[in-house]
file run11.cif (mmCIF, C-alpha atoms)
data_my_file
#
loop_
_atom_site.label_atom_id
_atom_site.label_comp_id
_atom_site.auth_asym_id
_atom_site.auth_seq_id
_atom_site.Cartn_x
_atom_site.Cartn_y
_atom_site.Cartn_z
CA MET A 1 -18.35 -57.25 -50.70
CA GLY A 2 -14.76 -56.33 -51.57
CA LYS A 3 -12.19 -58.93 -52.38
CA ALA A 4 -9.61 -59.70 -49.73
CA ILE A 5 -6.20 -58.48 -50.84
CA ALA A 6 -3.68 -61.28 -50.75
CA ALA A 7 -0.73 -60.52 -48.52
CA PRO A 8 2.57 -60.41 -50.42
CA SER A 9 4.50 -63.64 -50.03
CA PRO A 10 7.52 -63.19 -47.78
CA LEU A 11 10.83 -62.64 -49.45
CA LEU A 12 12.78 -64.29 -46.68
CA GLN A 13 11.49 -66.63 -44.06
CA LEU A 14 13.59 -68.26 -41.37
CA ASP A 15 11.92 -70.82 -39.11
CA CYS A 16 13.60 -72.48 -36.12
CA ILE A 17 17.05 -71.78 -37.53
CA HIS A 18 19.91 -73.12 -35.44
CA LYS A 19 23.58 -72.74 -36.17
CA HIS A 20 26.43 -74.00 -34.06
CA TYR A 21 30.15 -74.31 -34.58
CA ARG A 22 32.36 -77.00 -33.17
CA HIS A 23 35.50 -75.97 -31.31
CA GLY A 24 37.22 -79.18 -30.30
CA GLU A 25 35.15 -80.95 -27.65
CA SER A 26 32.83 -78.03 -27.03
CA GLY A 27 30.72 -75.97 -29.41
CA VAL A 28 29.37 -72.47 -29.83
CA HIS A 29 25.69 -71.93 -30.45
CA ALA A 30 25.78 -68.95 -32.83
CA LEU A 31 22.05 -68.89 -33.66
CA CYS A 32 19.28 -70.36 -31.51
CA ASP A 33 15.74 -70.86 -32.72
CA ILE A 34 15.62 -67.88 -35.10
CA HIS A 35 12.25 -66.95 -36.55
CA LEU A 36 12.24 -64.07 -38.98
CA GLN A 37 10.02 -63.02 -41.85
CA ILE A 38 10.98 -60.27 -44.28
CA ASP A 39 8.42 -58.93 -46.74
CA PRO A 40 9.14 -56.87 -49.87
CA GLY A 41 9.90 -53.26 -48.93
CA ASP A 42 10.83 -54.07 -45.32
CA MET A 43 13.80 -52.44 -43.69
CA VAL A 44 14.80 -54.50 -40.69
CA ALA A 45 17.68 -53.45 -38.50
CA VAL A 46 19.37 -56.08 -36.35
CA CYS A 47 21.49 -54.76 -33.54
CA GLY A 48 23.39 -56.42 -30.77
CA PRO A 49 26.85 -56.74 -29.29
CA SER A 50 29.61 -57.98 -31.52
CA GLY A 51 30.20 -61.72 -31.45
CA HIS A 52 26.54 -62.48 -30.75
CA GLY A 53 25.67 -63.84 -34.20
CA LYS A 54 24.76 -60.89 -36.43
CA THR A 55 27.17 -61.81 -39.24
CA THR A 56 26.28 -65.50 -38.92
CA LEU A 57 22.61 -64.59 -39.28
CA LEU A 58 23.35 -62.72 -42.52
CA ASN A 59 25.60 -65.53 -43.77
CA VAL A 60 22.88 -68.12 -43.19
CA ALA A 61 20.18 -65.90 -44.72
CA GLY A 62 22.49 -65.17 -47.66
CA LEU A 63 23.17 -68.87 -48.29
CA LEU A 64 26.85 -68.51 -47.53
CA GLU A 65 26.65 -70.96 -44.63
CA PRO A 66 24.18 -73.78 -44.10
CA ALA A 67 22.08 -73.82 -40.96
CA ASN A 68 22.28 -76.92 -38.76
CA ALA A 69 18.51 -77.05 -38.35
CA GLY A 70 15.43 -75.17 -39.41
CA SER A 71 13.87 -73.98 -42.61
CA LEU A 72 15.02 -71.13 -44.84
CA VAL A 73 12.77 -69.96 -47.67
CA ILE A 74 13.97 -67.25 -50.05
CA ASP A 75 11.60 -65.80 -52.62
CA GLY A 76 9.33 -68.82 -52.29
CA VAL A 77 12.15 -71.35 -52.72
CA GLU A 78 12.85 -73.79 -49.88
CA THR A 79 16.63 -73.76 -49.83
CA ALA A 80 17.12 -77.07 -48.01
CA GLY A 81 16.62 -79.01 -51.24
CA LEU A 82 19.03 -76.94 -53.29
CA ASP A 83 22.49 -78.09 -54.27
CA GLU A 84 25.47 -75.73 -54.33
CA SER A 85 24.82 -74.45 -57.86
CA GLY A 86 21.13 -73.88 -57.04
CA ARG A 87 22.07 -71.86 -53.95
CA THR A 88 24.58 -69.81 -55.95
CA ALA A 89 22.03 -69.10 -58.67
CA LEU A 90 19.38 -68.08 -56.12
CA ARG A 91 21.87 -65.82 -54.35
CA LEU A 92 22.86 -64.18 -57.63
CA ARG A 93 19.24 -63.72 -58.70
CA THR A 94 17.73 -62.46 -55.45
CA ILE A 95 20.30 -61.17 -53.00
CA GLY A 96 22.65 -58.19 -52.87
CA ALA A 97 25.21 -58.30 -50.09
CA VAL A 98 27.32 -55.69 -48.33
CA PHE A 99 30.05 -57.46 -46.39
CA GLN A 100 32.00 -56.27 -43.39
CA CYS A 101 35.39 -54.95 -44.54
CA PHE A 102 33.76 -54.34 -47.94
CA LYS A 103 35.56 -57.16 -49.82
CA LEU A 104 36.39 -55.24 -52.98
CA ILE A 105 38.53 -56.95 -55.63
CA PRO A 106 41.90 -55.19 -55.36
CA VAL A 107 42.88 -55.40 -59.03
CA MET A 108 39.65 -53.84 -60.30
CA THR A 109 38.65 -50.19 -60.42
CA ALA A 110 35.71 -48.92 -58.38
CA ARG A 111 33.47 -49.02 -61.45
CA ASP A 112 34.51 -52.57 -62.38
CA ASN A 113 33.94 -53.70 -58.80
CA VAL A 114 30.41 -52.30 -58.94
CA MET A 115 29.77 -53.98 -62.31
CA LEU A 116 30.99 -57.36 -61.11
CA PRO A 117 27.61 -58.89 -60.12
CA LEU A 118 26.24 -58.00 -63.56
CA LEU A 119 29.22 -59.68 -65.22
CA LEU A 120 28.70 -62.77 -63.08
CA ARG A 121 25.02 -62.88 -63.93
CA GLN A 122 25.42 -63.07 -67.69
CA ARG A 123 27.90 -62.71 -70.51
CA LEU A 124 27.45 -59.11 -71.63
CA THR A 125 27.45 -58.01 -75.23
CA ARG A 126 29.30 -54.80 -76.10
CA PRO A 127 26.23 -52.51 -75.82
CA GLN A 128 25.17 -54.27 -72.61
CA HIS A 129 28.68 -53.75 -71.26
CA SER A 130 28.45 -50.02 -72.02
CA ASP A 131 25.04 -49.89 -70.32
CA ALA A 132 26.47 -51.70 -67.30
CA GLN A 133 29.35 -49.23 -67.12
CA ALA A 134 26.90 -46.33 -67.27
CA LEU A 135 24.73 -47.89 -64.55
CA ALA A 136 27.76 -48.46 -62.32
CA ALA A 137 28.87 -44.86 -62.87
CA GLU A 138 25.38 -43.61 -62.01
CA LEU A 139 25.25 -45.63 -58.80
CA LEU A 140 28.70 -44.43 -57.80
CA ALA A 141 27.55 -40.87 -58.44
CA ARG A 142 24.53 -41.46 -56.21
CA VAL A 143 26.84 -42.39 -53.34
CA GLY A 144 29.08 -39.39 -54.02
CA LEU A 145 31.91 -41.13 -55.87
CA ALA A 146 31.43 -39.78 -59.40
CA SER A 147 35.06 -38.68 -59.51
CA HIS A 148 36.44 -42.01 -58.25
CA LEU A 149 35.29 -44.36 -61.04
CA HIS A 150 38.78 -45.40 -62.06
CA TYR A 151 40.30 -45.61 -58.58
CA ARG A 152 41.44 -49.01 -57.36
CA PRO A 153 40.49 -50.01 -53.78
CA ALA A 154 44.01 -49.28 -52.50
CA ARG A 155 43.45 -45.59 -53.33
CA LEU A 156 40.07 -45.41 -51.60
CA ASP A 157 39.63 -44.74 -47.89
CA HIS A 158 37.35 -46.91 -45.75
CA GLY A 159 34.28 -44.74 -46.23
CA GLN A 160 34.71 -44.65 -50.00
CA SER A 161 35.31 -48.41 -50.16
CA GLN A 162 32.16 -48.95 -48.15
CA ARG A 163 30.17 -46.85 -50.60
CA VAL A 164 31.58 -48.84 -53.54
CA ALA A 165 30.51 -52.04 -51.78
CA ILE A 166 27.01 -50.60 -51.29
CA ALA A 167 26.77 -49.63 -54.98
CA ARG A 168 27.91 -53.16 -55.92
CA ALA A 169 25.18 -54.70 -53.78
CA LEU A 170 22.49 -52.59 -55.47
CA ILE A 171 23.50 -52.78 -59.13
CA THR A 172 21.49 -55.91 -59.94
CA GLN A 173 18.39 -54.35 -58.34
CA PRO A 174 18.14 -57.28 -55.93
CA ARG A 175 14.87 -57.99 -54.16
CA LEU A 176 16.70 -58.50 -50.88
CA VAL A 177 19.78 -56.72 -49.56
CA LEU A 178 21.72 -58.18 -46.64
CA ALA A 179 24.07 -55.57 -45.29
CA ASP A 180 26.57 -56.11 -42.49
CA GLU A 181 27.12 -52.74 -40.81
CA PRO A 182 26.92 -50.88 -44.14
CA THR A 183 27.26 -47.40 -42.66
CA SER A 184 29.86 -48.05 -39.97
CA ARG A 185 32.50 -45.92 -41.73
CA LEU A 186 30.21 -43.20 -43.08
CA ASP A 187 29.40 -39.81 -41.71
CA GLY A 188 27.81 -36.54 -42.76
CA SER A 189 26.76 -36.24 -46.37
CA ALA A 190 27.99 -39.71 -47.35
CA LEU A 191 25.73 -41.31 -44.76
CA ARG A 192 22.79 -39.17 -45.87
CA MET A 193 23.33 -40.15 -49.53
CA VAL A 194 23.49 -43.85 -48.72
CA LEU A 195 20.37 -43.75 -46.53
CA GLU A 196 18.51 -41.85 -49.27
CA LEU A 197 19.61 -44.47 -51.82
CA PHE A 198 18.35 -47.27 -49.55
CA THR A 199 15.03 -45.49 -49.09
CA ALA A 200 14.70 -44.90 -52.86
CA CYS A 201 15.35 -48.60 -53.60
CA GLN A 202 12.85 -49.57 -50.92
CA ARG A 203 10.17 -47.23 -52.30
CA GLU A 204 10.74 -47.60 -56.05
CA GLN A 205 11.76 -51.26 -56.38
CA GLY A 206 10.28 -52.75 -53.22
CA THR A 207 13.74 -53.87 -52.14
CA ALA A 208 13.84 -55.37 -48.66
CA PHE A 209 16.81 -54.65 -46.43
CA VAL A 210 18.17 -56.61 -43.50
CA ILE A 211 20.85 -54.50 -41.90
CA THR A 212 23.03 -55.15 -38.90
CA THR A 213 23.90 -51.85 -37.34
CA ARG A 214 24.77 -49.96 -34.20
CA ASP A 215 24.09 -46.63 -35.85
CA GLN A 216 21.16 -44.79 -34.25
CA ARG A 217 20.57 -42.75 -37.43
CA GLN A 218 19.94 -45.94 -39.33
CA LEU A 219 17.83 -47.47 -36.59
CA VAL A 220 15.30 -44.64 -36.80
CA ARG A 221 14.77 -45.33 -40.52
CA ALA A 222 14.12 -49.05 -40.00
CA SER A 223 10.58 -50.35 -40.12
CA ARG A 224 11.53 -52.93 -37.45
CA THR A 225 14.46 -53.17 -35.11
CA LEU A 226 15.50 -56.46 -33.60
CA GLN A 227 18.07 -57.38 -31.03
CA LEU A 228 20.37 -60.40 -31.32
CA ASN A 229 21.82 -61.50 -28.00
CA ASP A 230 23.72 -64.77 -27.60
CA GLY A 231 22.25 -65.98 -30.88
CA ARG A 232 18.65 -65.28 -29.84
CA LEU A 233 16.61 -62.80 -31.83
CA GLY A 234 13.99 -60.65 -30.17
CA PRO A 235 12.58 -57.13 -30.10
CA ARG A 236 15.09 -54.47 -29.21
CA GLN A 237 15.22 -53.59 -25.50
CA ALA A 238 14.85 -49.86 -26.20
CA ASP A 239 11.70 -50.54 -28.23
CA LEU A 240 10.32 -52.76 -25.48
CA ALA A 241 10.96 -50.01 -23.00
CA ARG A 242 9.14 -47.51 -25.22
CA HIS A 243 6.12 -49.73 -25.89
CA PHE A 244 6.01 -51.57 -22.57
CA PRO A 245 7.41 -49.24 -19.89
CA ARG A 246 6.46 -51.65 -17.08
CA HIS A 247 8.58 -54.38 -18.73
CA ALA A 248 11.54 -52.02 -18.66
CA VAL A 249 10.91 -51.25 -14.96
CA VAL A 250 10.69 -54.96 -14.09
CA HIS A 251 13.74 -55.74 -16.25
CA GLY A 252 15.64 -52.93 -14.54
CA ALA A 253 14.59 -54.14 -11.08
CA VAL A 254 15.66 -57.70 -11.82
CA HIS A 255 18.98 -56.44 -13.19
CA ALA A 256 19.53 -54.28 -10.08
CA ALA A 257 18.70 -57.23 -7.81
CA ARG A 258 21.24 -59.40 -9.68
CA VAL A 259 23.90 -56.73 -9.33
CA GLU A 260 23.23 -56.40 -5.61
CA ALA A 261 23.30 -60.17 -5.15
CA MET B 1 56.18 -68.86 -65.58
CA LEU B 2 59.99 -68.95 -65.59
CA ALA B 3 60.04 -72.63 -64.65
CA ILE B 4 57.57 -73.48 -67.40
CA GLY B 5 59.64 -71.42 -69.84
CA ALA B 6 62.80 -73.25 -68.79
CA ALA B 7 61.10 -76.64 -69.17
CA ALA B 8 59.83 -75.69 -72.62
CA CYS B 9 63.33 -74.49 -73.51
CA MET B 10 64.80 -77.84 -72.43
CA LEU B 11 62.16 -79.69 -74.43
CA ALA B 12 63.03 -77.72 -77.53
CA ILE B 13 66.75 -78.32 -77.03
CA CYS B 14 66.19 -82.06 -76.65
CA GLY B 15 63.96 -82.08 -79.69
CA GLY B 16 60.98 -83.54 -77.85
CA GLU B 17 62.61 -86.92 -77.17
CA LEU B 18 60.29 -89.24 -75.27
CA ARG B 19 62.67 -90.01 -72.40
CA VAL B 20 63.01 -86.26 -71.76
CA LEU B 21 59.44 -85.40 -72.64
CA VAL B 22 57.74 -87.36 -69.85
CA PRO B 23 59.82 -86.06 -66.91
CA LEU B 24 59.78 -82.50 -68.20
CA LEU B 25 56.02 -82.52 -68.75
CA SER B 26 55.62 -83.98 -65.25
CA LEU B 27 57.76 -81.13 -63.97
CA VAL B 28 55.54 -78.62 -65.78
CA ALA B 29 52.43 -80.21 -64.21
CA CYS B 30 53.97 -80.15 -60.72
CA VAL B 31 55.12 -76.54 -61.05
CA SER B 32 51.70 -75.53 -62.31
CA ALA B 33 49.96 -77.36 -59.44
CA ALA B 34 52.19 -75.80 -56.80
CA ALA B 35 51.89 -72.30 -58.29
CA THR B 36 48.10 -72.57 -58.52
CA ALA B 37 47.84 -73.86 -54.95
CA LEU B 38 49.94 -70.95 -53.67
CA ARG B 39 48.04 -68.42 -55.79
CA THR B 40 44.64 -69.60 -54.57
CA LEU B 41 45.87 -69.60 -50.98
CA ALA B 42 47.05 -66.01 -51.29
CA ARG B 43 43.76 -65.02 -52.95
CA ARG B 44 41.41 -66.90 -50.59
CA ARG B 45 39.58 -63.72 -49.64
CA GLU B 46 39.17 -62.55 -53.24
CA LEU B 47 37.98 -65.97 -54.44
CA ALA B 48 35.53 -66.22 -51.54
CA THR B 49 34.19 -62.77 -52.46
CA LEU B 50 33.63 -63.85 -56.05
CA ARG B 51 31.80 -66.96 -54.84
CA ALA B 52 29.74 -64.89 -52.39
CA LEU B 53 28.77 -62.49 -55.15
CA GLY B 54 27.43 -65.37 -57.21
CA MET B 55 30.26 -66.94 -59.19
CA SER B 56 29.63 -70.66 -59.60
CA ARG B 57 32.24 -73.27 -58.70
CA LEU B 58 32.56 -74.22 -62.35
CA SER B 59 33.16 -70.61 -63.40
CA LEU B 60 35.80 -70.23 -60.71
CA VAL B 61 37.65 -73.36 -61.90
CA ARG B 62 37.37 -72.06 -65.48
CA MET B 63 38.76 -68.66 -64.43
CA LEU B 64 41.74 -70.22 -62.62
CA GLU B 65 42.44 -72.56 -65.56
CA LEU B 66 42.30 -69.62 -67.96
CA GLU B 67 44.88 -67.81 -65.83
CA VAL B 68 47.10 -70.92 -65.99
CA LEU B 69 46.68 -70.99 -69.77
CA TRP B 70 47.89 -67.38 -70.10
CA ILE B 71 50.78 -67.87 -67.68
CA THR B 72 51.86 -71.07 -69.46
CA CYS B 73 51.73 -69.41 -72.87
CA ALA B 74 53.64 -66.42 -71.56
CA GLY B 75 56.34 -68.76 -70.20
CA ALA B 76 56.38 -71.49 -72.82
CA LEU B 77 56.44 -69.39 -76.00
CA PRO B 78 59.65 -67.50 -75.21
CA GLY B 79 61.04 -70.71 -73.64
CA LEU B 80 60.44 -72.74 -76.81
CA GLY B 81 61.84 -69.97 -78.98
CA THR B 82 64.96 -69.70 -76.85
CA GLY B 83 65.37 -73.49 -76.79
CA VAL B 84 65.09 -73.89 -80.56
CA ALA B 85 67.50 -71.01 -81.16
CA ALA B 86 70.00 -72.37 -78.63
CA ALA B 87 69.86 -75.92 -80.01
CA TRP B 88 70.21 -74.75 -83.59
CA ARG B 89 73.15 -72.52 -82.74
CA THR B 90 74.92 -75.25 -80.74
CA GLN B 91 74.47 -77.85 -83.46
CA ARG B 92 75.81 -75.50 -86.08
CA SER B 93 78.80 -74.44 -84.01
CA ILE B 94 79.96 -78.00 -83.27
CA GLY B 95 79.09 -79.29 -86.71
CA LEU B 96 76.40 -81.82 -85.74
CA PRO B 97 73.80 -82.93 -88.29
CA PRO B 98 70.57 -80.87 -88.11
CA LEU B 99 68.94 -82.92 -85.34
CA LEU B 100 66.10 -80.50 -84.77
CA ALA B 101 65.12 -80.57 -88.43
CA GLU B 102 65.17 -84.40 -88.38
CA GLN B 103 62.81 -84.46 -85.41
CA GLY B 104 60.48 -81.93 -86.97
CA MET B 105 61.29 -79.34 -84.32
CA THR B 106 61.92 -76.58 -86.79
CA THR B 107 58.45 -76.87 -88.30
CA LEU B 108 55.55 -74.94 -86.88
CA SER B 109 53.51 -78.10 -86.38
CA GLY B 110 56.30 -79.73 -84.38
CA LEU B 111 56.69 -76.73 -82.13
CA GLY B 112 52.92 -76.35 -81.92
CA ALA B 113 52.59 -79.94 -80.72
CA LEU B 114 55.26 -79.37 -78.09
CA LEU B 115 53.53 -76.18 -76.93
CA ALA B 116 50.19 -77.98 -76.79
CA LEU B 117 51.71 -80.74 -74.64
CA VAL B 118 53.19 -78.17 -72.24
CA ILE B 119 49.84 -76.37 -71.98
CA ILE B 120 47.90 -79.60 -71.40
CA ALA B 121 50.36 -80.66 -68.68
CA ALA B 122 50.06 -77.26 -66.98
CA LEU B 123 46.24 -77.27 -67.14
CA LEU B 124 46.01 -80.81 -65.79
CA GLY B 125 48.44 -79.96 -62.99
CA ALA B 126 46.38 -76.92 -61.98
CA LEU B 127 43.05 -78.72 -62.07
CA VAL B 128 43.14 -80.27 -58.59
CA PRO B 129 44.13 -77.08 -56.70
CA ALA B 130 41.58 -75.11 -58.75
CA ILE B 131 38.80 -77.52 -57.82
CA ARG B 132 39.90 -77.45 -54.19
CA ALA B 133 39.82 -73.63 -54.25
CA ALA B 134 36.31 -73.67 -55.68
CA ARG B 135 35.16 -76.00 -52.90
CA HIS B 136 36.53 -73.87 -50.05
CA ASP B 137 34.11 -72.62 -47.41
CA VAL B 138 32.91 -69.21 -48.64
CA ALA B 139 32.06 -67.79 -45.22
CA ALA B 140 35.47 -68.82 -43.84
CA GLY B 141 37.19 -67.22 -46.85
CA LEU B 142 35.38 -63.96 -46.21
CA THR B 143 36.82 -63.75 -42.70
CA VAL B 144 40.40 -63.74 -44.00
CA LEU B 145 41.89 -60.33 -43.26
CA PRO B 146 43.24 -58.16 -46.06
CA PRO B 147 47.08 -58.19 -46.24
CA HIS B 148 47.52 -54.77 -44.59
CA GLN B 149 45.44 -55.87 -41.57
CA GLU B 150 47.23 -59.17 -40.98
CA ALA B 151 49.46 -59.35 -37.93
#
call {"tool": "encode", "arguments": {"input": "run11.cif", "output": "structure tokens"}}
result
Amino acid sequence: MGKAIAAPSPLLQLDCIHKHYRHGESGVHALCDIHLQIDPGDMVAVCGPSGHGKTTLLNVAGLLEPANAGSLVIDGVETAGLDESGRTALRLRTIGAVFQCFKLIPVMTARDNVMLPLLLRQRLTRPQHSDAQALAAELLARVGLASHLHYRPARLDHGQSQRVAIARALITQPRLVLADEPTSRLDGSALRMVLELFTACQREQGTAFVITTRDQRQLVRASRTLQLNDGRLGPRQADLARHFPRHAVVHGAVHAARVEA
Amino acid sequence: MLAIGAAACMLAICGGELRVLVPLLSLVACVSAAATALRTLARRRELATLRALGMSRLSLVRMLELEVLWITCAGALPGLGTGVAAAWRTQRSIGLPPLLAEQGMTTLSGLGALLALVIIAALLGALVPAIRAARHDVAAGLTVLPPHQEA
């Protein structure tokens, strides 16, 4: 009898996550009862209207904001018991992040921006620094910016800045990448290069990606697509319609009845 | 930097007298605190990005203090030099006894001690705003718009 193969432990696990913000007397429930499990090599796309909690979800998963309730486990570590320095160390060790609006450091060149997570991780010796520079240059070349190594962010357009931010997120070979609309400013060959880089990281390093997106070309590459509406995470409506056509018909009928009423 | 330079210049002119030393060092600390608070406010987005990328609070405080050290040196060194030169020239022109030499202000160790006091005052002044900057909410800092997108 063959041995049962142990399932890989999840890289990211969110259970019953709630997040709400206070606004004076009232409050906003940004995330409601979120359950999500990400395994190594997953590519999960989260779509949904803006203002419905996509960025908050990534912030909570990336340890940038605490959840109000629920359990968050990253790479086998229950984060509730971690202090600020423990959360920072776990983030640096495990997570690569692509932020909305890219968040490049304005006084650094594109190459130095990409190298930054490596510099934060450890004090580099001179040969290590040269290696880091070479790695940053290689990553920038892979996103089509080989000739922009010494450009500062002010000289880069939005698409180029976005590609620098993507290279920065990948330089530490993180096990988990949280990307907030990472291809929103890309088109044509730049988009193709970035998607190929994501796929290569996924295949070669087992990197897991959680991506918020509205880009159909990225949705088709995802292993799972989820929809976030009013802070509630569920399967995407289009996928439900494809897999459960009757659900779509009923949903459509209910919607039509509401409109008529 | 200019204010710190001017304070250092005044200190050198007064030869590091105690009754001048305390208020001027307090001024250096206040200027340093205000400048650091303004600098961290203007760089909220950048500092939040560094924290989000994995910079620890301690490293951020260290980075801000290091910046204060450079700025203070850049201001205080020329300030001290100008002060010593001005005091020496004034004393010679009006025929006063060499006060600076009596107070040890023409020796390197005397000037070094004065510089060290200015630096310590500046670093202490900057400590509270630096710690406050390191404790800011990272997610809130990331939502700050870049200067060209602000209304």
call {"tool": "closest_residue", "arguments": {"input": "run11.cif", "among": "B:Ala33, B:Ala74, B:Leu117, B:Leu80", "to": "Pro129 in chain B", "atoms": "all atoms listed in the file"}}
result
B:Ala33
call {"tool": "atom_distance", "arguments": {"input": "run11.cif", "atom1": "CA of Ala35 in chain B", "atom2": "CA of Cys73 in chain B"}}
result
14.9 Å
call {"tool": "resolve_selection", "arguments": {"input": "run11.cif", "expression": "the PyMOL selection byres ((chain B) within 12 of (chain A))", "output": "PyMOL selection string"}}
result
chain B and resi 43-60+63+134-149
call {"tool": "atom_distance", "arguments": {"input": "run11.cif", "atom1": "CA of Pro182 in chain A", "atom2": "CA of Arg214 in chain A"}}
result
10.2 Å
call {"tool": "atom_distance", "arguments": {"input": "run11.cif", "atom1": "CA of Glu196 in chain A", "atom2": "CA of Ala179 in chain A"}}
result
15.3 Å
call {"tool": "residues_around", "arguments": {"input": "run11.cif", "residues": "Gly76 in chain A", "least_positions_apart": "5", "cutoff": "9 Å", "atoms": "only C-alpha atoms", "output": "VMD selection string"}}
result
chain A and resid 9 to 13
call {"tool": "residues_near_point", "arguments": {"input": "run11.cif", "point": "(53.8, -71.7, -57.1)", "cutoff": "12 Å", "atoms": "all atoms listed in the file", "output": "PyMOL selection string"}}
result
chain B and resi 1-4+28-42+68+71+122+125-126+129
call {"tool": "residues_around", "arguments": {"input": "run11.cif", "residues": "Arg152 in chain A", "least_positions_apart": "4", "cutoff": "6 Å", "atoms": "all atoms listed in the file", "output": "ChimeraX atom specification"}}
result
/A:108-110
call {"tool": "write_last_selection", "arguments": {"input": "run11.cif", "atoms": "C-alpha atoms", "output": "compact mmCIF listing (two decimals), in the coordinates of the input"}}
result
# COMPACT_ATOMS: atom_id res chain seq x y z
CA MET A 108 39.65 -53.84 -60.30
CA THR A 109 38.65 -50.19 -60.42
CA ALA A 110 35.71 -48.92 -58.38
call {"tool": "closest_residue", "arguments": {"input": "run11.cif", "among": "A:Ser189, A:Thr212, A:Thr207, A:Ser223", "to": "Gly48 in chain A", "atoms": "all atoms listed in the file"}}
result
A:Thr212
call {"tool": "closest_residue", "arguments": {"input": "run11.cif", "among": "A:Leu149, A:Leu186, A:Leu191, A:Ala137", "to": "Ile171 in chain A", "atoms": "all atoms listed in the file"}}
result
A:Ala137
call {"tool": "residues_near_point", "arguments": {"input": "run11.cif", "point": "(24.7, -54.6, -27.9)", "cutoff": "9 Å", "atoms": "all atoms listed in the file", "output": "list in words"}}
result
Cys47, Gly48, Pro49, Ser50, His52, Arg214, Gln227, Leu228 and Asn229 of chain A
call {"tool": "write_last_selection", "arguments": {"input": "run11.cif", "atoms": "C-alpha atoms", "output": "compact mmCIF listing (two decimals), in the coordinates of the input"}}
result
# COMPACT_ATOMS: atom_id res chain seq x y z
CA CYS A 47 21.49 -54.76 -33.54
CA GLY A 48 23.39 -56.42 -30.77
CA PRO A 49 26.85 -56.74 -29.29
CA SER A 50 29.61 -57.98 -31.52
CA HIS A 52 26.54 -62.48 -30.75
CA ARG A 214 24.77 -49.96 -34.20
CA GLN A 227 18.07 -57.38 -31.03
CA LEU A 228 20.37 -60.40 -31.32
CA ASN A 229 21.82 -61.50 -28.00
call {"tool": "axis_aligned_box", "arguments": {"input": "run11.cif", "around": "range 129-138 of chain A", "padding_each_side": "4 Å", "output": "AutoDock Vina command-line options"}}
result
--center_x 27.0 --center_y -48.7 --center_z -67.0 --size_x 12.6 --size_y 18.1 --size_z 18.0
call {"tool": "residues_around", "arguments": {"input": "run11.cif", "residues": "Leu140 in chain A", "least_positions_apart": "3", "cutoff": "10 Å", "atoms": "all atoms listed in the file", "output": "ChimeraX atom specification"}}
result
/A:110-111,114,134-137,143-149,160,163-168,171
call {"tool": "closest_residue", "arguments": {"input": "run11.cif", "among": "B:Leu21, B:Ala121, B:Val84, B:Val128", "to": "Thr72 in chain B", "atoms": "all atoms listed in the file"}}
result
B:Ala121
call {"tool": "residues_around", "arguments": {"input": "run11.cif", "residues": "Ile17 in chain A", "least_positions_apart": "4", "cutoff": "7 Å", "atoms": "all atoms listed in the file", "output": "JSON, numbers by chain"}}
result
{"A": [31, 32, 33, 34, 35, 67, 69, 70, 71]}
call {"tool": "write_last_selection", "arguments": {"input": "run11.cif", "atoms": "C-alpha atoms", "output": "short mmCIF file (atom, residue, chain, number, x, y, z; two decimals), in the frame of the given file"}}
result
data_model
loop_
_atom_site.label_atom_id
_atom_site.label_comp_id
_atom_site.auth_asym_id
_atom_site.auth_seq_id
_atom_site.Cartn_x
_atom_site.Cartn_y
_atom_site.Cartn_z
CA LEU A 31 22.05 -68.89 -33.66
CA CYS A 32 19.28 -70.36 -31.51
CA ASP A 33 15.74 -70.86 -32.72
CA ILE A 34 15.62 -67.88 -35.10
CA HIS A 35 12.25 -66.95 -36.55
CA ALA A 67 22.08 -73.82 -40.96
CA ALA A 69 18.51 -77.05 -38.35
CA GLY A 70 15.43 -75.17 -39.41
CA SER A 71 13.87 -73.98 -42.61
#
call {"tool": "build_atoms", "arguments": {"input": "run11.cif", "residues": "range 30-37 of chain B", "atoms": "N, CA and C atoms", "output": "JSON list (two decimals), keeping the file's coordinate frame"}}
result
[["chain", "number", "residue", "atom", "x", "y", "z"],
["B", 30, "CYS", "N", 53.74, -80.37, -62.16],
["B", 30, "CYS", "CA", 53.97, -80.15, -60.72],
["B", 30, "CYS", "C", 54.14, -78.67, -60.41],
["B", 31, "VAL", "N", 54.90, -77.98, -61.25],
["B", 31, "VAL", "CA", 55.12, -76.54, -61.05],
["B", 31, "VAL", "C", 53.78, -75.80, -61.13],
["B", 32, "SER", "N", 53.00, -76.18, -62.12],
["B", 32, "SER", "CA", 51.70, -75.53, -62.31],
["B", 32, "SER", "C", 50.79, -75.78, -61.11],
["B", 33, "ALA", "N", 50.79, -77.03, -60.60],
["B", 33, "ALA", "CA", 49.96, -77.36, -59.44],
["B", 33, "ALA", "C", 50.38, -76.56, -58.22],
["B", 34, "ALA", "N", 51.69, -76.51, -57.99],
["B", 34, "ALA", "CA", 52.19, -75.80, -56.80],
["B", 34, "ALA", "C", 51.89, -74.30, -56.91],
["B", 35, "ALA", "N", 52.12, -73.75, -58.11],
["B", 35, "ALA", "CA", 51.89, -72.30, -58.29],
["B", 35, "ALA", "C", 50.41, -71.97, -58.13],
["B", 36, "THR", "N", 49.54, -72.83, -58.65],
["B", 36, "THR", "CA", 48.10, -72.57, -58.52],
["B", 36, "THR", "C", 47.66, -72.69, -57.07],
["B", 37, "ALA", "N", 48.20, -73.69, -56.36],
["B", 37, "ALA", "CA", 47.84, -73.86, -54.95],
["B", 37, "ALA", "C", 48.26, -72.62, -54.14]]
